[in-house]
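Structure file model.pdb with PDB, C-alpha atoms:
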```pdb
MODEL        1
ATOM      1  CA  MET A 131      -2.606 -18.361  49.256
ATOM      2  CA  ASP A 132      -0.804 -16.582  46.409
ATOM      3  CA  LYS A 133       1.893 -14.634  48.266
ATOM      4  CA  VAL A 134       3.704 -13.233  45.240
ATOM      5  CA  VAL A 135       4.268  -9.480  45.299
ATOM      6  CA  ALA A 136       5.030  -7.714  42.019
ATOM      7  CA  THR A 137       8.132  -5.788  43.113
ATOM      8  CA  ALA A 138      10.643  -5.588  45.925
ATOM      9  CA  ASP A 139       9.602  -1.973  46.521
ATOM     10  CA  GLU A 140       6.023  -3.097  47.123
ATOM     11  CA  ALA A 141       7.170  -5.952  49.347
ATOM     12  CA  VAL A 142       9.003  -3.647  51.796
ATOM     13  CA  ALA A 143       6.645  -0.669  51.513
ATOM     14  CA  ASP A 144       5.341  -1.035  55.079
ATOM     15  CA  VAL A 145       8.732  -1.442  56.805
ATOM     16  CA  PRO A 146       8.920   1.655  59.062
ATOM     17  CA  ASP A 147      11.797   3.535  60.633
ATOM     18  CA  GLY A 148      12.931   1.745  63.775
ATOM     19  CA  ALA A 149      11.791  -1.702  62.626
ATOM     20  CA  THR A 150      13.685  -4.829  63.630
ATOM     21  CA  LEU A 151      14.832  -7.134  60.829
ATOM     22  CA  ALA A 152      16.168 -10.686  60.743
ATOM     23  CA  VAL A 153      18.260 -10.918  57.596
ATOM     24  CA  GLY A 154      19.548 -14.112  56.019
ATOM     25  CA  GLY A 155      22.902 -14.735  54.433
ATOM     26  CA  PHE A 156      26.314 -16.121  55.274
ATOM     27  CA  GLY A 157      29.136 -13.898  54.084
ATOM     28  CA  LEU A 158      28.012 -12.979  50.573
ATOM     29  CA  SER A 159      26.050 -16.198  50.140
ATOM     30  CA  GLY A 160      22.267 -16.070  50.193
ATOM     31  CA  VAL A 161      22.010 -12.360  50.986
ATOM     32  CA  PRO A 162      18.659 -10.739  50.029
ATOM     33  CA  ASN A 163      20.383  -7.909  48.169
ATOM     34  CA  VAL A 164      17.354  -6.860  46.123
ATOM     35  CA  LEU A 165      15.136  -6.399  49.184
ATOM     36  CA  ILE A 166      17.914  -4.594  51.040
ATOM     37  CA  GLN A 167      18.386  -2.226  48.098
ATOM     38  CA  ALA A 168      14.644  -1.557  48.048
ATOM     39  CA  LEU A 169      14.791  -0.611  51.730
ATOM     40  CA  PHE A 170      17.743   1.665  51.042
ATOM     41  CA  GLU A 171      15.903   3.452  48.253
ATOM     42  CA  ARG A 172      12.889   4.006  50.523
ATOM     43  CA  GLY A 173      15.112   5.842  53.008
ATOM     44  CA  VAL A 174      14.171   3.693  55.995
ATOM     45  CA  GLY A 175      16.446   4.229  59.015
ATOM     46  CA  SER A 176      17.097   3.549  62.720
ATOM     47  CA  LEU A 177      16.835  -0.164  61.982
ATOM     48  CA  GLY A 178      17.628  -2.961  64.409
ATOM     49  CA  VAL A 179      19.238  -5.780  62.429
ATOM     50  CA  VAL A 180      19.749  -9.411  63.429
ATOM     51  CA  SER A 181      22.109 -11.170  61.030
ATOM     52  CA  ASN A 182      25.209 -13.334  61.108
ATOM     53  CA  ASN A 183      27.265 -10.467  59.684
ATOM     54  CA  CYS A 184      26.483  -6.954  58.513
ATOM     55  CA  GLY A 185      27.431  -7.036  54.874
ATOM     56  CA  ALA A 186      30.773  -7.050  53.100
ATOM     57  CA  MET A 187      32.421  -5.531  50.034
ATOM     58  CA  GLU A 188      29.838  -2.711  49.950
ATOM     59  CA  SER A 189      26.998  -5.142  49.380
ATOM     60  CA  GLY A 190      24.164  -6.586  51.442
ATOM     61  CA  LEU A 191      23.559  -4.867  54.750
ATOM     62  CA  ALA A 192      26.705  -2.796  54.194
ATOM     63  CA  VAL A 193      24.552  -0.635  51.888
ATOM     64  CA  LEU A 194      22.311   0.350  54.807
ATOM     65  CA  LEU A 195      25.170   0.483  57.299
ATOM     66  CA  SER A 196      27.284   2.877  55.229
ATOM     67  CA  ALA A 197      24.271   5.175  54.845
ATOM     68  CA  GLY A 198      23.805   5.342  58.626
ATOM     69  CA  ARG A 199      20.447   3.572  58.483
ATOM     70  CA  ILE A 200      21.244   0.876  61.087
ATOM     71  CA  ALA A 201      21.079   1.714  64.801
ATOM     72  CA  ARG A 202      21.676  -1.710  66.309
ATOM     73  CA  VAL A 203      23.198  -4.990  65.149
ATOM     74  CA  THR A 204      22.795  -8.403  66.734
ATOM     75  CA  GLY A 205      25.271 -10.745  65.077
ATOM     76  CA  SER A 206      28.235 -13.047  65.437
ATOM     77  CA  TYR A 207      30.807 -11.827  62.912
ATOM     78  CA  ILE A 208      32.255  -8.443  61.959
ATOM     79  CA  GLY A 209      34.894  -9.783  59.584
ATOM     80  CA  ALA A 210      36.598  -7.343  57.250
ATOM     81  CA  ASN A 211      33.829  -4.733  57.359
ATOM     82  CA  LYS A 212      35.893  -1.673  58.291
ATOM     83  CA  GLU A 213      32.899   0.679  58.333
ATOM     84  CA  PHE A 214      31.128  -1.634  60.792
ATOM     85  CA  ALA A 215      34.157  -1.518  63.104
ATOM     86  CA  ARG A 216      34.482   2.263  62.732
ATOM     87  CA  GLN A 217      30.850   2.965  63.618
ATOM     88  CA  TYR A 218      30.985   0.549  66.553
ATOM     89  CA  LEU A 219      34.147   2.038  68.071
ATOM     90  CA  ALA A 220      32.935   5.586  67.395
ATOM     91  CA  GLY A 221      29.782   4.986  69.400
ATOM     92  CA  GLU A 222      27.508   5.379  66.376
ATOM     93  CA  LEU A 223      26.299   1.775  66.419
ATOM     94  CA  GLU A 224      25.058  -0.527  69.170
ATOM     95  CA  VAL A 225      26.352  -4.077  68.715
ATOM     96  CA  GLU A 226      25.407  -7.285  70.495
ATOM     97  CA  MET A 227      27.896 -10.019  69.593
ATOM     98  CA  ILE A 228      26.654 -13.580  70.084
ATOM     99  CA  PRO A 229      28.329 -16.989  69.581
ATOM    100  CA  GLN A 230      27.335 -18.122  66.093
ATOM    101  CA  GLY A 231      25.549 -21.314  67.146
ATOM    102  CA  THR A 232      23.685 -19.433  69.861
ATOM    103  CA  LEU A 233      22.522 -16.833  67.331
ATOM    104  CA  ALA A 234      21.231 -19.569  65.053
ATOM    105  CA  GLU A 235      19.318 -21.225  67.881
ATOM    106  CA  ARG A 236      17.924 -17.936  69.196
ATOM    107  CA  LEU A 237      16.410 -17.269  65.768
ATOM    108  CA  ARG A 238      15.062 -20.801  65.453
ATOM    109  CA  ALA A 239      13.670 -20.772  68.986
ATOM    110  CA  GLY A 240      11.909 -17.462  68.418
ATOM    111  CA  GLY A 241      10.302 -18.807  65.281
ATOM    112  CA  ALA A 242       9.262 -22.007  67.042
ATOM    113  CA  GLY A 243       7.592 -20.114  69.876
ATOM    114  CA  ILE A 244      10.248 -21.009  72.449
ATOM    115  CA  PRO A 245      10.946 -17.956  74.642
ATOM    116  CA  ALA A 246      14.300 -19.106  76.003
ATOM    117  CA  PHE A 247      16.689 -22.052  76.246
ATOM    118  CA  TYR A 248      19.854 -23.129  78.054
ATOM    119  CA  THR A 249      23.179 -23.647  76.286
ATOM    120  CA  PRO A 250      26.752 -24.308  77.519
ATOM    121  CA  ALA A 251      28.171 -21.846  74.950
ATOM    122  CA  GLY A 252      29.509 -18.763  76.720
ATOM    123  CA  VAL A 253      29.552 -20.107  80.281
ATOM    124  CA  GLY A 254      32.512 -18.668  82.178
ATOM    125  CA  THR A 255      32.872 -15.729  79.783
ATOM    126  CA  GLN A 256      31.404 -12.241  79.471
ATOM    127  CA  VAL A 257      28.648 -13.763  77.339
ATOM    128  CA  ALA A 258      27.206 -15.138  80.582
ATOM    129  CA  GLU A 259      28.776 -12.844  83.164
ATOM    130  CA  GLY A 260      28.009  -9.580  81.367
ATOM    131  CA  GLY A 261      30.262  -6.668  80.534
ATOM    132  CA  LEU A 262      30.536  -7.070  76.758
ATOM    133  CA  PRO A 263      30.622  -3.585  75.205
ATOM    134  CA  TRP A 264      27.350  -2.934  73.379
ATOM    135  CA  ARG A 265      28.073   0.739  72.776
ATOM    136  CA  TYR A 266      31.243   2.817  73.042
ATOM    137  CA  ASP A 267      31.434   6.555  73.708
ATOM    138  CA  GLY A 268      33.840   7.217  70.851
ATOM    139  CA  SER A 269      36.791   7.768  73.176
ATOM    140  CA  GLY A 270      37.445   4.184  74.244
ATOM    141  CA  GLY A 271      34.948   4.151  77.087
ATOM    142  CA  VAL A 272      31.883   1.916  77.281
ATOM    143  CA  THR A 273      28.495   3.580  77.675
ATOM    144  CA  LEU A 274      26.403   0.400  77.490
ATOM    145  CA  ALA A 275      27.466  -3.131  78.388
ATOM    146  CA  SER A 276      25.707  -6.485  78.230
ATOM    147  CA  PRO A 277      23.902  -7.617  81.386
ATOM    148  CA  ALA A 278      24.668 -10.804  83.280
ATOM    149  CA  LYS A 279      22.541 -13.818  82.305
ATOM    150  CA  GLU A 280      21.097 -16.592  84.383
ATOM    151  CA  VAL A 281      23.399 -19.620  84.712
ATOM    152  CA  ARG A 282      22.013 -22.944  85.898
ATOM    153  CA  GLU A 283      23.510 -26.377  86.465
ATOM    154  CA  PHE A 284      22.090 -29.506  84.839
ATOM    155  CA  ASP A 285      23.670 -32.894  85.577
ATOM    156  CA  GLY A 286      26.882 -31.306  86.758
ATOM    157  CA  THR A 287      27.270 -28.942  83.793
ATOM    158  CA  GLU A 288      26.565 -25.205  83.781
ATOM    159  CA  TYR A 289      24.367 -23.642  81.119
ATOM    160  CA  VAL A 290      23.484 -20.026  80.337
ATOM    161  CA  LEU A 291      19.934 -18.914  79.610
ATOM    162  CA  GLU A 292      19.480 -17.320  76.171
ATOM    163  CA  ARG A 293      16.323 -15.641  74.867
ATOM    164  CA  GLY A 294      14.638 -16.520  71.584
ATOM    165  CA  ILE A 295      14.598 -13.765  68.962
ATOM    166  CA  ARG A 296      11.534 -12.373  67.196
ATOM    167  CA  THR A 297      11.705  -9.466  64.772
ATOM    168  CA  ASP A 298       9.135  -7.271  63.048
ATOM    169  CA  PHE A 299      10.263  -8.408  59.594
ATOM    170  CA  ALA A 300      12.611 -10.934  58.012
ATOM    171  CA  LEU A 301      14.361 -10.640  54.646
ATOM    172  CA  VAL A 302      15.655 -13.836  53.033
ATOM    173  CA  ARG A 303      16.830 -15.186  49.688
ATOM    174  CA  ALA A 304      16.003 -18.629  48.321
ATOM    175  CA  ALA A 305      17.065 -20.540  45.232
ATOM    176  CA  LYS A 306      13.506 -21.630  44.547
ATOM    177  CA  GLY A 307      10.077 -20.806  45.909
ATOM    178  CA  ASP A 308       6.460 -21.336  44.996
ATOM    179  CA  ARG A 309       3.465 -19.028  45.234
ATOM    180  CA  HIS A 310       2.553 -20.453  48.649
ATOM    181  CA  GLY A 311       5.927 -19.424  50.081
ATOM    182  CA  ASN A 312       7.540 -22.856  50.301
ATOM    183  CA  LEU A 313      11.289 -22.316  49.903
ATOM    184  CA  VAL A 314      14.378 -24.259  48.866
ATOM    185  CA  PHE A 315      17.883 -22.966  49.634
ATOM    186  CA  ASN A 316      21.133 -23.820  47.880
ATOM    187  CA  LYS A 317      24.034 -25.169  49.920
ATOM    188  CA  SER A 318      25.485 -22.608  52.390
ATOM    189  CA  THR A 319      22.621 -20.180  51.762
ATOM    190  CA  ARG A 320      20.702 -22.557  54.012
ATOM    191  CA  ASN A 321      22.862 -21.655  57.030
ATOM    192  CA  PHE A 322      20.888 -18.660  58.289
ATOM    193  CA  ASN A 323      18.103 -17.971  55.796
ATOM    194  CA  PRO A 324      15.580 -20.527  57.136
ATOM    195  CA  LEU A 325      16.255 -19.428  60.719
ATOM    196  CA  ALA A 326      15.912 -15.725  59.917
ATOM    197  CA  ALA A 327      12.684 -16.475  58.049
ATOM    198  CA  MET A 328      11.256 -18.270  61.087
ATOM    199  CA  ALA A 329      12.050 -15.362  63.395
ATOM    200  CA  GLY A 330      10.215 -12.664  61.434
ATOM    201  CA  LYS A 331       6.610 -11.763  62.160
ATOM    202  CA  VAL A 332       6.380 -10.778  58.481
ATOM    203  CA  THR A 333       8.828 -12.663  56.274
ATOM    204  CA  ILE A 334       9.664 -11.499  52.762
ATOM    205  CA  ALA A 335      11.528 -13.874  50.451
ATOM    206  CA  GLU A 336      13.245 -13.008  47.194
ATOM    207  CA  VAL A 337      13.496 -16.147  45.052
ATOM    208  CA  GLU A 338      15.768 -16.860  42.109
ATOM    209  CA  GLU A 339      13.219 -19.217  40.564
ATOM    210  CA  LEU A 340       9.470 -18.947  41.088
ATOM    211  CA  VAL A 341       7.439 -22.117  40.448
ATOM    212  CA  GLU A 342       3.821 -23.099  40.798
ATOM    213  CA  PRO A 343       2.469 -24.874  43.880
ATOM    214  CA  GLY A 344       3.135 -28.598  43.639
ATOM    215  CA  GLU A 345       6.275 -28.260  41.554
ATOM    216  CA  ILE A 346       8.502 -28.579  44.628
ATOM    217  CA  ASP A 347       8.593 -32.092  46.065
ATOM    218  CA  PRO A 348       7.310 -31.799  49.665
ATOM    219  CA  ASP A 349      10.385 -33.720  50.830
ATOM    220  CA  ALA A 350      12.596 -31.082  49.183
ATOM    221  CA  VAL A 351      11.073 -28.097  51.012
ATOM    222  CA  HIS A 352      13.583 -26.527  53.403
ATOM    223  CA  LEU A 353      11.153 -23.957  54.820
ATOM    224  CA  PRO A 354       7.364 -24.360  54.771
ATOM    225  CA  GLY A 355       5.276 -21.499  53.441
ATOM    226  CA  ILE A 356       3.620 -21.014  56.841
ATOM    227  CA  PHE A 357       6.677 -18.933  57.783
ATOM    228  CA  VAL A 358       6.562 -16.734  54.654
ATOM    229  CA  GLN A 359       4.119 -13.903  53.993
ATOM    230  CA  ARG A 360       5.504 -12.367  50.768
ATOM    231  CA  VAL A 361       7.441 -13.697  47.774
ATOM    232  CA  VAL A 362       9.297 -11.607  45.195
ATOM    233  CA  ALA A 363      10.481 -13.267  41.971
ATOM    234  CA  LEU A 364      13.909 -12.030  40.862
ATOM    235  CA  THR A 365      14.749 -11.270  37.262
ATOM    236  CA  PRO A 366      17.369 -13.539  35.611
ATOM    237  CA  ARG A 367      19.900 -10.723  35.953
ATOM    238  CA  GLN A 368      19.158 -10.244  39.648
ATOM    239  CA  ALA A 369      19.311 -14.000  40.273
ATOM    240  CA  ALA A 370      22.701 -14.252  38.557
ATOM    241  CA  ASP A 371      24.236 -11.347  40.504
ATOM    242  CA  LYS A 372      26.385 -13.282  42.976
ATOM    243  CA  ARG A 373      29.683 -11.965  44.253
ATOM    244  CA  ILE A 374      32.716 -13.897  45.451
ATOM    245  CA  GLU A 375      34.055 -12.827  48.841
ATOM    246  CA  GLN A 376      37.468 -14.487  48.638
ATOM    247  CA  ARG A 377      38.738 -15.390  45.170
ATOM    248  CA  THR A 378      41.612 -17.914  45.116
ATOM    249  CA  VAL A 379      43.373 -18.981  41.930
ATOM    250  CA  SER A 380      46.197 -21.431  41.423
ATOM    251  CA  SER A 381      49.500 -20.403  39.905
TER     252      SER A 381
ENDMDL
END
```
Represent the structure from my file as structure tokens, please.
Amino acid sequence: MDKVVATADEAVADVPDGATLAVGGFGLSGVPNVLIQALFERGVGSLGVVSNNCGAMESGLAVLLSAGRIARVTGSYIGANKEFARQYLAGELEVEMIPQGTLAERLRAGGAGIPAFYTPAGVGTQVAEGGLPWRYDGSGGVTLASPAKEVREFDGTEYVLERGIRTDFALVRAAKGDRHGNLVFNKSTRNFNPLAAMAGKVTIAEVEELVEPGEIDPDAVHLPGIFVQRVVALTPRQAADKRIEQRTVSS
């Protein structure tokens, strides 16, 4: 039951080229930077990534993206990541954009063993009707577009069918975890990390504080250890390395 792995390098040692990854984080909050850096240093490439966004300010998934290691992104937000936009428009990157709530539920559904579900989000748009550019040719043309999805009416309202997401691996960051893999997330880091963790067939969690089994109140557990296969304890320096995406100060 002890799922602790000595190093991040050891934890990601079996992630191959072409693997699919569900990666937690919301902006710069709750991003598994140490595990991502370990993947970068291993030289893994052609990755398919499922994450709310694809890194920012040269951190998080932006490390892999800038190195050309990511082949496909499934997400809901590009934001101010200029390299993401450049690769997408240049035809170097395949991108599936999804409404944020739908992405969250697709991850949760995949982890819960639900193959598909209906949602009203996207009905009447290209999300349902198809035609969203997944890949450009670098000259403004579209070489691959999203397919149309099934739309069905329930009680007078139309809903679009969305598939649950399962990935080969998941990388997440938690504020606290025990040796059994039970995790606790802090504030907005809880937005996507538990859902990404559920979606991975092999889930690797970096934790800021490692405790012994029983030290976390069962009622305080945000994600049960059944969803986690490996735990990496961060050093105090790694745990304290948290960037601010938008700094605002008063005059």
Rank nothing, just name the residue among A:Ala141, A:Val164, A:Leu177, A:Leu223 nearest to Glu338 (chain A), using all atoms listed in the file. A:Val164
If the PyMOL selection byres ((chain A and resi 210-216) around 8) is run on the structure shown, which residues does it catch, given as a list in words?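 Answer for the PyMOL selection byres ((chain A and resi 210-216) around 8): Cys184, Gly185, Ala186, Met187, Leu195, Ser196, Ile208, Gly209, Gln217, Tyr218, Leu219 and Ala220 of chain A.
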Could you tell me which residues the PyMOL selection byres ((chain A and resi 249) around 7) returns for this structure, as an NGL selection string? :A and (247-248 or 250-251 or 289-291)
Measuring atom to atom with all atoms listed in the file, identify which of A:Gly241, A:Gly254, A:Pro277, A:Pro263 is nearest to Glu224 (chain A).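 Using all atoms listed in the file, Glu224 (chain A) sits closest to A:Pro263.
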Can you tell me how far CA of Ala192 (chain A) sits from CA of Ala369 (chain A), in Å to one decimal?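 Going from CA of Ala192 (chain A) over to CA of Ala369 (chain A) covers 19.3 Å.
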Would you be able to write out as a list of chain:residue names which residues have an atom within 9 Å of (24.0, -13.2, 79.2) in the file's coordinates, counting only C-alpha atoms?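 Checked against the point, the hits come out as A:Gly252, A:Val253, A:Gln256, A:Val257, A:Ala258, A:Glu259, A:Gly260, A:Ser276, A:Pro277, A:Ala278, A:Lys279, A:Glu280, A:Val281, A:Val290, A:Leu291, A:Glu292.
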Translate the PyMOL selection byres ((chain A and resi 194) around 12), as applied to the file shown, into an explicit residue set as a VMD selection string. chain A and resid 163 165 to 179 184 to 186 188 to 193 195 to 203 213 to 214
Which is closer to Ala275 (chain A) than all the others in A:Leu233, A:Ala304, A:Val361, A:Val225, using only C-alpha atoms?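 Of A:Leu233, A:Ala304, A:Val361, A:Val225, the one nearest Ala275 (chain A), counting only C-alpha atoms, is A:Val225.
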Tell me, counting all atoms listed in the file, for each residue of region 142-183 of chain A within 6 Å of region 318-323 of chain A, which pair of atoms is nearest and how far apart they are in Å to one decimal, in rows ordered by chain and increasing number, as a Markdown table.
```
| residue | atom | partner | partner_atom | distance |
| --- | --- | --- | --- | --- |
| A:Gly154 | CA | A:Asn323 | CA | 4.1 |
| A:Gly155 | CA | A:Phe322 | CA | 5.9 |
| A:Ser159 | CA | A:Thr319 | CA | 5.5 |
| A:Gly160 | CA | A:Thr319 | CA | 4.4 |
```
Save out the residues we just selected, C-alpha atoms, as a PDB file, keeping the file's coordinate frame.
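Generated file (part_39.pdb):
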```pdb
ATOM      1  CA  GLY A 154      19.548 -14.112  56.019  1.00  0.00           C
ATOM      2  CA  GLY A 155      22.902 -14.735  54.433  1.00  0.00           C
ATOM      3  CA  SER A 159      26.050 -16.198  50.140  1.00  0.00           C
ATOM      4  CA  GLY A 160      22.267 -16.070  50.193  1.00  0.00           C
TER       5      GLY A 160
END
```
Compare A:Val302, A:Leu274, A:Leu325, A:Ile374 by their minimum atom-to-atom distance to Arg360 (chain A), counting all atoms listed in the file, and give me the closest one.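 Under the stated criterion, the closest residue is A:Val302.
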Quick one: of A:Gly240, A:Gly261, A:Gly307, A:Gly330, who's nearest to Gly294 (chain A), counting all atoms listed in the file?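 Looking only at the distances to Gly294 (chain A), the closest residue turns out to be A:Gly240.
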Which residue, A:Gly157, A:Asp308, A:Met328, A:Ala300, has the smallest gap to Arg236 (chain A) when you use only C-alpha atoms?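 Smallest distance to Arg236 (chain A) is found for A:Met328.
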What does the structure give for the distance between CA of Arg293 (chain A) and CA of Ala246 (chain A), in Å to one decimal?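 Interatomic distance, CA of Arg293 (chain A) to CA of Ala246 (chain A): 4.2 Å.
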Please indicate the distance in Å from CA of Lys306 (chain A) to CA of Val337 (chain A), rounded to one decimal place.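 One can read the CA of Lys306 (chain A) to CA of Val337 (chain A) distance as 5.5 Å.
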Point (9.5, -17.3, 56.6) neighbourhood (12 Å, only C-alpha atoms) written as a PyMOL selection string: chain A and resi 133+152-154+237-238+241-242+296-304+307+310-314+322-336+352-361
Let me know the centre plus edge lengths, in Å and rounded to one decimal, of a box with edges along x, y and z that contains all listed atoms of region 271-281 of chain A and is padded by 3 Å on every side, as JSON.
```
{"center_x": 28.0, "center_y": -7.7, "center_z": 80.9, "size_x": 19.9, "size_y": 29.8, "size_z": 13.6}
```
Could I get region 339-359 of chain A from the block written out with N, CA and C atoms, as a tab-separated table (two decimals), in the first residue's frame?
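Listed below is the output, result.tsv:
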```
chain	number	residue	atom	x	y	z
A	339	GLU	N	3.26	18.11	1.17
A	339	GLU	CA	3.46	17.56	2.51
A	339	GLU	C	3.06	16.10	2.51
A	340	LEU	N	4.00	15.24	2.84
A	340	LEU	CA	3.72	13.80	2.93
A	340	LEU	C	3.50	13.43	4.39
A	341	VAL	N	2.37	12.76	4.67
A	341	VAL	CA	2.05	12.33	6.04
A	341	VAL	C	1.81	10.83	6.06
A	342	GLU	N	1.73	10.28	7.23
A	342	GLU	CA	1.50	8.86	7.39
A	342	GLU	C	0.02	8.54	7.28
A	343	PRO	N	-0.31	7.32	6.87
A	343	PRO	CA	-1.72	6.92	6.80
A	343	PRO	C	-2.42	7.13	8.15
A	344	GLY	N	-3.60	7.70	8.10
A	344	GLY	CA	-4.36	7.98	9.31
A	344	GLY	C	-4.23	9.40	9.79
A	345	GLU	N	-3.23	10.13	9.30
A	345	GLU	CA	-3.06	11.51	9.71
A	345	GLU	C	-4.02	12.47	9.02
A	346	ILE	N	-4.59	12.05	7.91
A	346	ILE	CA	-5.60	12.87	7.23
A	346	ILE	C	-6.98	12.37	7.67
A	347	ASP	N	-7.79	13.27	8.20
A	347	ASP	CA	-9.15	12.91	8.58
A	347	ASP	C	-9.87	12.40	7.34
A	348	PRO	N	-10.51	11.23	7.40
A	348	PRO	CA	-11.21	10.70	6.22
A	348	PRO	C	-12.19	11.70	5.61
A	349	ASP	N	-12.82	12.54	6.44
A	349	ASP	CA	-13.75	13.53	5.92
A	349	ASP	C	-13.04	14.65	5.18
A	350	ALA	N	-11.72	14.77	5.35
A	350	ALA	CA	-10.95	15.84	4.71
A	350	ALA	C	-10.33	15.40	3.40
A	351	VAL	N	-10.43	14.11	3.06
A	351	VAL	CA	-9.83	13.60	1.82
A	351	VAL	C	-10.62	14.10	0.61
A	352	HIS	N	-9.92	14.75	-0.31
A	352	HIS	CA	-10.57	15.23	-1.54
A	352	HIS	C	-10.54	14.18	-2.64
A	353	LEU	N	-9.49	13.34	-2.63
A	353	LEU	CA	-9.37	12.28	-3.62
A	353	LEU	C	-8.86	11.01	-2.94
A	354	PRO	N	-9.64	9.94	-2.99
A	354	PRO	CA	-9.21	8.69	-2.34
A	354	PRO	C	-8.01	8.07	-3.05
A	355	GLY	N	-7.21	7.37	-2.29
A	355	GLY	CA	-5.99	6.76	-2.81
A	355	GLY	C	-6.21	5.72	-3.87
A	356	ILE	N	-7.44	5.22	-4.03
A	356	ILE	CA	-7.73	4.23	-5.06
A	356	ILE	C	-7.42	4.77	-6.45
A	357	PHE	N	-7.45	6.10	-6.61
A	357	PHE	CA	-7.18	6.71	-7.91
A	357	PHE	C	-5.70	7.03	-8.13
A	358	VAL	N	-4.86	6.81	-7.13
A	358	VAL	CA	-3.46	7.22	-7.20
A	358	VAL	C	-2.54	6.00	-7.09
A	359	GLN	N	-1.60	5.90	-8.01
A	359	GLN	CA	-0.67	4.77	-8.02
A	359	GLN	C	0.71	5.13	-7.48
```
